[in-house]
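A.B. asks: Got a structure for you, questions after.
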Amino acid sequence: MLPQWIIEKKRDGAELSGEELRFLIQGFTAGSIPDYQMAAFAMAVYFNGMTPRETAALTLEMMNSGDVIDPATLPGIKADKHSTGGIGDKTSLILAPLAAACGLTVPMISGRGLGITGGTLDKLEAIPGYRTNLSEKEFFQTLENVGCSITGQTAQLAPADKKLYALRDVTGTVPSIPLITASIMSKKLAEGLDTLVLDVKWGKGAFMKTIEQARELATAMVEVGTQMGKKVRALITDMNTPLGRAAGNALEVQECLEVLRGGGPDDLRELTVELTAHMLDLSNVRKTRDEIFQCLENGAALKKFEAMVSAQGGSTDWKFSEAKIQEPLLAPADGIVTAVDAERIGKGCLVLGAGRQKTDDSVDHAVGIAQMKKPGETVKKGDPLAVIFSNDWKKMDESFPMFGKSFELGDSFEPSPFVCEVIGGELI
Ligand code: URA
């Protein structure tokens, strides 16, 4: 077998066998198949797509390119959630301890933010001392002692994905449904899970701009997971508006603490509980939504969060670095907030330094936006629509108009549901 034969076959639109994909992924991981051949392969997939069987075979090979956690080594039902990312999407920080408080084991391997969407690891690193580079042994110990752990991808977990993603990033081949599916699912399925809930977001602040694209990605991911013997369900959720009232790492952790103390913004609390309810349902753990809300209100989830943070070296005195400059963004007129453009908010945060433009950029944990007014809320001229946090006047001046343009005011507002569809299950 030669790599060029496989590339030619995909270029001509034929279906590749599991053996051909194994040869390609093993050779690429070992370094015997060079980047230029793999880039040509990725472009052929970008144009010609893959059948569900091919996508599952590619996912399997990428998962097997590194360590796969043996589920028998971990206690309980192993369940996780993955979000395709959005602005202010901080649900993982609440959901992992909440699901653990409800009886699940949550081995969550998360990523960093790139572009406008934030990353769970960046948010957690806003907590002084929190380690996101646990060894496998430390990860297992935290899971055994606490029931949840959120850490980063080790070099041994799906190394083929790490290499291929870096190549796709510079060859215009990221937005391919089979390649995204194999990338996300190879990492998630290497966690040794029994069940997985996917939060596939669509809208201005999401990777997928239309609900149709989100449905296609969700269907592909559910199909691959199911073919690999896992229970997988996807919720398609709206990401036209930022989730919660804060975007920016330390500001988001503080908002998560509000929810873990029984308060916080309604949309964030409700989406987190919704995703947790689906994780429990898929795992055959019977709990009502009221019982799940109880775990937020009675401090059980907060206790789990504190235990996880302590186990991973973080300080639980909840002191965060503070931005030097804090400026209110004032409403230009009376009205009802009719829209908050998630993409503009994300771009403003990127200018402030809350996210990274390139994978090796560092992030400023203190900066971002908070106290955002939500669609449906009424303001008077001069009321604050939000507060902007910056460590640099130049960045504040550059981002301020972007934030200003994000808020639309009008006379009326019609709310729409934030969970739009469920793939691989039903609304429960
Ligand atoms: N996130 C991933 O992990 N992989 C992709 O291909 C896209 C988003």
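Residues are named by chain letter and number: chains run A, B, ... in the order of the structure tokens, numbers start at 1 in each chain, and ligands are numbered from 1 in the order shown.
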Report as a Markdown table: every residue of chain A with an atom at most 12 Å from ligand 1, its closest pair of atoms, and their distance in Å to one decimal, counting only C-alpha atoms and all ligand atoms, with rows sorted by chain and ascending residue number.
C.D. replies:
```
| residue | atom | partner | partner_atom_place_in_ligand_line | distance |
| --- | --- | --- | --- | --- |
| A:Ala42 | CA | ligand 1 | 6 (O) | 11.4 |
| A:Tyr46 | CA | ligand 1 | 6 (O) | 11.8 |
| A:Thr59 | CA | ligand 1 | 6 (O) | 11.6 |
| A:Met62 | CA | ligand 1 | 4 (N) | 12.0 |
| A:His82 | CA | ligand 1 | 3 (O) | 9.7 |
| A:Ser83 | CA | ligand 1 | 1 (N) | 9.0 |
| A:Thr84 | CA | ligand 1 | 8 (C) | 6.5 |
| A:Gly85 | CA | ligand 1 | 8 (C) | 8.2 |
| A:Gly86 | CA | ligand 1 | 8 (C) | 11.3 |
| A:Ile109 | CA | ligand 1 | 3 (O) | 10.9 |
| A:Ser110 | CA | ligand 1 | 3 (O) | 9.1 |
| A:Gly111 | CA | ligand 1 | 3 (O) | 7.6 |
| A:Arg112 | CA | ligand 1 | 3 (O) | 9.6 |
| A:Gly113 | CA | ligand 1 | 1 (N) | 9.7 |
| A:Leu114 | CA | ligand 1 | 8 (C) | 9.4 |
| A:Gly115 | CA | ligand 1 | 8 (C) | 11.2 |
| A:Thr117 | CA | ligand 1 | 8 (C) | 10.4 |
| A:Gly118 | CA | ligand 1 | 1 (N) | 11.7 |
| A:Gly119 | CA | ligand 1 | 1 (N) | 10.5 |
| A:Gln153 | CA | ligand 1 | 3 (O) | 10.5 |
| A:Ala158 | CA | ligand 1 | 3 (O) | 10.7 |
| A:Ala160 | CA | ligand 1 | 4 (N) | 11.7 |
| A:Asp161 | CA | ligand 1 | 4 (N) | 7.9 |
| A:Lys162 | CA | ligand 1 | 3 (O) | 8.7 |
| A:Lys163 | CA | ligand 1 | 4 (N) | 11.3 |
| A:Leu164 | CA | ligand 1 | 6 (O) | 8.9 |
| A:Tyr165 | CA | ligand 1 | 6 (O) | 6.3 |
| A:Ala166 | CA | ligand 1 | 6 (O) | 9.6 |
| A:Leu167 | CA | ligand 1 | 6 (O) | 10.7 |
| A:Arg168 | CA | ligand 1 | 6 (O) | 8.1 |
| A:Asp169 | CA | ligand 1 | 6 (O) | 8.8 |
| A:Gly172 | CA | ligand 1 | 6 (O) | 11.5 |
| A:Thr173 | CA | ligand 1 | 6 (O) | 8.9 |
| A:Val174 | CA | ligand 1 | 6 (O) | 5.7 |
| A:Pro175 | CA | ligand 1 | 6 (O) | 7.3 |
| A:Ser176 | CA | ligand 1 | 6 (O) | 7.8 |
| A:Ile177 | CA | ligand 1 | 6 (O) | 8.3 |
| A:Pro178 | CA | ligand 1 | 6 (O) | 8.8 |
| A:Leu179 | CA | ligand 1 | 6 (O) | 5.9 |
| A:Ile180 | CA | ligand 1 | 6 (O) | 3.6 |
| A:Thr181 | CA | ligand 1 | 6 (O) | 6.9 |
| A:Ala182 | CA | ligand 1 | 6 (O) | 7.5 |
| A:Ser183 | CA | ligand 1 | 4 (N) | 4.6 |
| A:Ile184 | CA | ligand 1 | 3 (O) | 4.5 |
| A:Met185 | CA | ligand 1 | 3 (O) | 8.2 |
| A:Ser186 | CA | ligand 1 | 3 (O) | 9.0 |
| A:Lys187 | CA | ligand 1 | 3 (O) | 7.7 |
| A:Lys188 | CA | ligand 1 | 3 (O) | 9.3 |
| A:Val200 | CA | ligand 1 | 8 (C) | 10.9 |
| A:Lys201 | CA | ligand 1 | 8 (C) | 11.7 |
| A:Ala206 | CA | ligand 1 | 8 (C) | 10.7 |
| A:Phe207 | CA | ligand 1 | 8 (C) | 8.0 |
| A:Met208 | CA | ligand 1 | 8 (C) | 10.4 |
| A:Leu217 | CA | ligand 1 | 7 (C) | 10.6 |
| A:Met221 | CA | ligand 1 | 5 (C) | 11.8 |
```
A.B. asks: Considering only C-alpha atoms, return as a PDB file with C-alpha atoms, in the first residue's frame whatever protein or nucleic-acid residues lie within 10 Å of Asn145 of chain A, sequence-local ones (same chain, fewer than 2 positions apart) excluded.
C.D. replies:
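That gives us result_7.pdb:
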```
ATOM      1  CA  PHE A 140      -7.417   8.654  38.222  1.00  0.00           C
ATOM      2  CA  GLN A 141      -6.791   9.568  41.871  1.00  0.00           C
ATOM      3  CA  THR A 142      -8.879  12.738  41.573  1.00  0.00           C
ATOM      4  CA  LEU A 143     -11.677  10.794  39.881  1.00  0.00           C
ATOM      5  CA  GLY A 147     -15.837  11.883  41.213  1.00  0.00           C
ATOM      6  CA  CYS A 148     -14.779  14.483  38.627  1.00  0.00           C
ATOM      7  CA  SER A 149     -11.585  15.864  37.189  1.00  0.00           C
ATOM      8  CA  LYS A 304     -17.356  18.730  44.652  1.00  0.00           C
ATOM      9  CA  ALA A 307     -12.624  19.241  46.269  1.00  0.00           C
ATOM     10  CA  MET A 308     -11.612  19.009  42.580  1.00  0.00           C
ATOM     11  CA  ALA A 311      -6.997  18.085  44.485  1.00  0.00           C
TER      12      ALA A 311
END
```
A.B. asks: Write out as a list of chain:residue names the residues lying within 10 Å of Pro332 of chain A, counting only C-alpha atoms and excluding same-chain residues fewer than 3 positions away.
C.D. replies: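 Counting only the stated atoms, we get A:Leu329, A:Gly335, A:Val379, A:Lys380, A:Lys381, A:Gly382, A:Asp383, A:Pro384, A:Leu385, A:Gly404, A:Leu409.
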A.B. asks: Those residues with all heavy atoms, as a PDB file, in the first residue's frame please?
C.D. replies:
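File produced: out-v6.pdb:
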```
ATOM      1  N   LEU A 329     -20.261  50.282  30.015  1.00  0.00           N
ATOM      2  CA  LEU A 329     -20.735  50.574  28.654  1.00  0.00           C
ATOM      3  C   LEU A 329     -22.182  51.028  28.829  1.00  0.00           C
ATOM      4  O   LEU A 329     -23.014  50.259  29.328  1.00  0.00           O
ATOM      5  CB  LEU A 329     -20.661  49.282  27.831  1.00  0.00           C
ATOM      6  CG  LEU A 329     -21.207  49.306  26.418  1.00  0.00           C
ATOM      7  CD1 LEU A 329     -20.274  50.089  25.505  1.00  0.00           C
ATOM      8  CD2 LEU A 329     -21.352  47.886  25.884  1.00  0.00           C
ATOM      9  N   GLY A 335     -34.894  51.479  26.095  1.00  0.00           N
ATOM     10  CA  GLY A 335     -35.392  50.396  25.239  1.00  0.00           C
ATOM     11  C   GLY A 335     -35.269  49.028  25.889  1.00  0.00           C
ATOM     12  O   GLY A 335     -34.851  48.892  27.042  1.00  0.00           O
ATOM     13  N   VAL A 379     -33.771  48.770  29.622  1.00  0.00           N
ATOM     14  CA  VAL A 379     -32.778  49.731  30.137  1.00  0.00           C
ATOM     15  C   VAL A 379     -33.252  51.153  29.864  1.00  0.00           C
ATOM     16  O   VAL A 379     -34.049  51.394  28.951  1.00  0.00           O
ATOM     17  CB  VAL A 379     -31.382  49.535  29.477  1.00  0.00           C
ATOM     18  CG1 VAL A 379     -30.695  48.287  29.970  1.00  0.00           C
ATOM     19  CG2 VAL A 379     -31.454  49.562  27.958  1.00  0.00           C
ATOM     20  N   LYS A 380     -32.725  52.073  30.671  1.00  0.00           N
ATOM     21  CA  LYS A 380     -32.956  53.512  30.441  1.00  0.00           C
ATOM     22  C   LYS A 380     -31.658  54.074  29.875  1.00  0.00           C
ATOM     23  O   LYS A 380     -30.570  53.543  30.156  1.00  0.00           O
ATOM     24  CB  LYS A 380     -33.229  54.205  31.778  1.00  0.00           C
ATOM     25  CG  LYS A 380     -34.549  53.829  32.397  1.00  0.00           C
ATOM     26  CD  LYS A 380     -35.465  55.059  32.435  1.00  0.00           C
ATOM     27  CE  LYS A 380     -36.887  54.733  32.748  1.00  0.00           C
ATOM     28  NZ  LYS A 380     -37.704  54.317  31.626  1.00  0.00           N
ATOM     29  N   LYS A 381     -31.758  55.149  29.099  1.00  0.00           N
ATOM     30  CA  LYS A 381     -30.571  55.808  28.556  1.00  0.00           C
ATOM     31  C   LYS A 381     -29.583  56.096  29.706  1.00  0.00           C
ATOM     32  O   LYS A 381     -29.981  56.619  30.750  1.00  0.00           O
ATOM     33  CB  LYS A 381     -30.986  57.118  27.862  1.00  0.00           C
ATOM     34  CG  LYS A 381     -29.829  57.822  27.224  1.00  0.00           C
ATOM     35  CD  LYS A 381     -30.270  59.058  26.480  1.00  0.00           C
ATOM     36  CE  LYS A 381     -29.007  59.727  25.945  1.00  0.00           C
ATOM     37  NZ  LYS A 381     -29.237  60.995  25.369  1.00  0.00           N
ATOM     38  N   GLY A 382     -28.309  55.685  29.512  1.00  0.00           N
ATOM     39  CA  GLY A 382     -27.288  55.944  30.539  1.00  0.00           C
ATOM     40  C   GLY A 382     -27.114  54.805  31.532  1.00  0.00           C
ATOM     41  O   GLY A 382     -26.175  54.794  32.319  1.00  0.00           O
ATOM     42  N   ASP A 383     -28.018  53.806  31.514  1.00  0.00           N
ATOM     43  CA  ASP A 383     -27.838  52.616  32.373  1.00  0.00           C
ATOM     44  C   ASP A 383     -26.682  51.780  31.822  1.00  0.00           C
ATOM     45  O   ASP A 383     -26.498  51.707  30.603  1.00  0.00           O
ATOM     46  CB  ASP A 383     -29.089  51.702  32.314  1.00  0.00           C
ATOM     47  CG  ASP A 383     -30.223  52.199  33.190  1.00  0.00           C
ATOM     48  OD1 ASP A 383     -30.012  53.176  33.928  1.00  0.00           O
ATOM     49  OD2 ASP A 383     -31.314  51.603  33.105  1.00  0.00           O
ATOM     50  N   PRO A 384     -25.948  51.076  32.681  1.00  0.00           N
ATOM     51  CA  PRO A 384     -24.888  50.215  32.139  1.00  0.00           C
ATOM     52  C   PRO A 384     -25.460  48.987  31.424  1.00  0.00           C
ATOM     53  O   PRO A 384     -26.331  48.309  31.951  1.00  0.00           O
ATOM     54  CB  PRO A 384     -24.059  49.799  33.363  1.00  0.00           C
ATOM     55  CG  PRO A 384     -24.847  50.202  34.547  1.00  0.00           C
ATOM     56  CD  PRO A 384     -25.936  51.137  34.145  1.00  0.00           C
ATOM     57  N   LEU A 385     -24.967  48.754  30.195  1.00  0.00           N
ATOM     58  CA  LEU A 385     -25.334  47.527  29.453  1.00  0.00           C
ATOM     59  C   LEU A 385     -24.389  46.408  29.852  1.00  0.00           C
ATOM     60  O   LEU A 385     -24.702  45.220  29.709  1.00  0.00           O
ATOM     61  CB  LEU A 385     -25.205  47.768  27.947  1.00  0.00           C
ATOM     62  CG  LEU A 385     -26.245  48.674  27.303  1.00  0.00           C
ATOM     63  CD1 LEU A 385     -25.836  49.048  25.889  1.00  0.00           C
ATOM     64  CD2 LEU A 385     -27.610  47.975  27.291  1.00  0.00           C
ATOM     65  N   GLY A 404     -19.938  47.989  22.076  1.00  0.00           N
ATOM     66  CA  GLY A 404     -21.082  48.901  21.911  1.00  0.00           C
ATOM     67  C   GLY A 404     -22.020  48.424  20.814  1.00  0.00           C
ATOM     68  O   GLY A 404     -23.245  48.439  20.975  1.00  0.00           O
ATOM     69  N   LEU A 409     -31.058  47.588  20.776  1.00  0.00           N
ATOM     70  CA  LEU A 409     -32.217  47.979  21.585  1.00  0.00           C
ATOM     71  C   LEU A 409     -33.436  48.138  20.686  1.00  0.00           C
ATOM     72  O   LEU A 409     -33.308  48.541  19.533  1.00  0.00           O
ATOM     73  CB  LEU A 409     -31.941  49.309  22.298  1.00  0.00           C
ATOM     74  CG  LEU A 409     -30.767  49.338  23.297  1.00  0.00           C
ATOM     75  CD1 LEU A 409     -30.591  50.739  23.878  1.00  0.00           C
ATOM     76  CD2 LEU A 409     -30.992  48.352  24.438  1.00  0.00           C
TER      77      LEU A 409
END
```
A.B. asks: Run DSSP on the backbone and tell me which residues of segment 227-277 of chain A come out as strand (DSSP E or B); list them as a ChimeraX atom specification.
C.D. replies: /A:231-238,247
A.B. asks: For segment 128-136 of chain A, work out the shell of residues within 8 Å, counting only C-alpha atoms and skipping chain neighbours fewer than 6 positions away, then give it as a count of residues only.
C.D. replies: 14
A.B. asks: Have a look at A:Cys349, A:Ile428, A:Leu243, A:Ala331 and name the one nearest to Thr288 of chain A; count only C-alpha atoms.
C.D. replies: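 Looking only at the distances to Thr288 of chain A, the closest residue turns out to be A:Ile428.
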A.B. asks: Do you know which residues are at most 7 Å from Thr195 of chain A counting only C-alpha atoms, after dropping those on the same chain fewer than 5 positions away, and could you put them as a list in words?
C.D. replies: Lys78, Ala79, Asp80, Lys230, Lys231, Val232, Leu282 and Ser283 of chain A
A.B. asks: Would you export the selected residues with C-alpha atoms as an mmCIF file, in the first residue's frame, please?
C.D. replies:
```
data_model
loop_
_atom_site.group_PDB
_atom_site.id
_atom_site.type_symbol
_atom_site.label_atom_id
_atom_site.label_comp_id
_atom_site.auth_asym_id
_atom_site.auth_seq_id
_atom_site.Cartn_x
_atom_site.Cartn_y
_atom_site.Cartn_z
ATOM 1 C CA LYS A 78 -18.323 7.254 33.355
ATOM 2 C CA ALA A 79 -20.106 10.139 31.657
ATOM 3 C CA ASP A 80 -18.935 13.314 29.993
ATOM 4 C CA LYS A 230 -21.245 4.207 23.400
ATOM 5 C CA LYS A 231 -24.451 5.927 24.407
ATOM 6 C CA VAL A 232 -24.282 9.345 22.789
ATOM 7 C CA LEU A 282 -28.474 8.386 29.218
ATOM 8 C CA SER A 283 -26.633 6.773 32.149
#
```
A.B. asks: Compile the contact shell of Arg269 of chain A as a PyMOL selection string: residues with an atom at most 12 Å away, counting only C-alpha atoms, same-chain residues fewer than 2 positions apart removed.
C.D. replies: chain A and resi 89-95+98+243-245+255-267+271-276+289+292-297
A.B. asks: Need the shell around Glu426 of chain A: protein/DNA/RNA residues with any atom at most 10 Å away, counting only C-alpha atoms. Skip same-chain ones fewer than 2 positions apart. Format as a JSON list (two decimals) with N, CA, C and O atoms, in the first residue's frame?
C.D. replies:
```json
[["chain", "number", "residue", "atom", "x", "y", "z"],
["A", 233, "ARG", "N", -25.71, 11.29, 22.89],
["A", 233, "ARG", "CA", -26.86, 12.12, 22.55],
["A", 233, "ARG", "C", -26.35, 13.55, 22.33],
["A", 233, "ARG", "O", -25.40, 13.97, 22.99],
["A", 234, "ALA", "N", -26.95, 14.25, 21.39],
["A", 234, "ALA", "CA", -26.52, 15.64, 21.14],
["A", 234, "ALA", "C", -27.69, 16.60, 21.33],
["A", 234, "ALA", "O", -28.80, 16.33, 20.86],
["A", 235, "LEU", "N", -27.42, 17.70, 21.99],
["A", 235, "LEU", "CA", -28.39, 18.80, 22.09],
["A", 235, "LEU", "C", -27.90, 19.90, 21.16],
["A", 235, "LEU", "O", -26.70, 20.23, 21.17],
["A", 278, "HIS", "N", -29.69, 15.20, 30.81],
["A", 278, "HIS", "CA", -29.49, 14.25, 29.69],
["A", 278, "HIS", "C", -28.37, 13.27, 30.01],
["A", 278, "HIS", "O", -28.46, 12.09, 29.66],
["A", 421, "GLU", "N", -32.99, 21.30, 19.43],
["A", 421, "GLU", "CA", -33.29, 19.92, 18.99],
["A", 421, "GLU", "C", -32.43, 18.95, 19.81],
["A", 421, "GLU", "O", -31.40, 19.35, 20.36],
["A", 422, "VAL", "N", -32.89, 17.69, 19.83],
["A", 422, "VAL", "CA", -32.08, 16.63, 20.44],
["A", 422, "VAL", "C", -31.86, 15.56, 19.38],
["A", 422, "VAL", "O", -32.80, 15.12, 18.73],
["A", 423, "ILE", "N", -30.63, 15.17, 19.18],
["A", 423, "ILE", "CA", -30.30, 14.11, 18.21],
["A", 423, "ILE", "C", -29.84, 12.88, 19.01],
["A", 423, "ILE", "O", -29.00, 13.00, 19.90],
["A", 424, "GLY", "N", -30.42, 11.73, 18.70],
["A", 424, "GLY", "CA", -30.06, 10.50, 19.43],
["A", 424, "GLY", "C", -30.85, 10.38, 20.72],
["A", 424, "GLY", "O", -30.39, 9.74, 21.66],
["A", 428, "ILE", "N", -36.38, 15.73, 27.22],
["A", 428, "ILE", "CA", -36.88, 15.00, 28.41],
["A", 428, "ILE", "C", -37.43, 15.99, 29.43],
["A", 428, "ILE", "O", -37.19, 17.17, 29.34]]
```
A.B. asks: Of the candidates A:Gln357, A:Asn64, A:Asn298, A:Gln371, which one gets nearest to Pro159 of chain A if we count only C-alpha atoms?
C.D. replies: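 Comparing A:Gln357, A:Asn64, A:Asn298, A:Gln371 against Pro159 of chain A, the winner is A:Asn64.
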A.B. asks: Please extract the residues of segment 169-267 of chain A with a backbone DSSP assignment of helix (DSSP H, G or I) and present them as a PyMOL selection string.
C.D. replies: chain A and resi 169+177-189+211-227+249-260+266-267
A.B. asks: Which is closest to Lys324 of chain A among A:Pro52, A:Gly13, A:Pro97, A:Gly368, if we use only C-alpha atoms?
C.D. replies: A:Gly368
A.B. asks: At what distance in Å, to one decimal, does atom CA of Glu54 of chain A lie from atom CA of Thr219 of chain A?
C.D. replies: 14.6 Å
A.B. asks: Record the distance separating atom CA of Thr338 of chain A and atom CA of Pro415 of chain A, expressed in Å with one decimal.
C.D. replies: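 Result for atom CA of Thr338 of chain A versus atom CA of Pro415 of chain A: 9.2 Å, one decimal.
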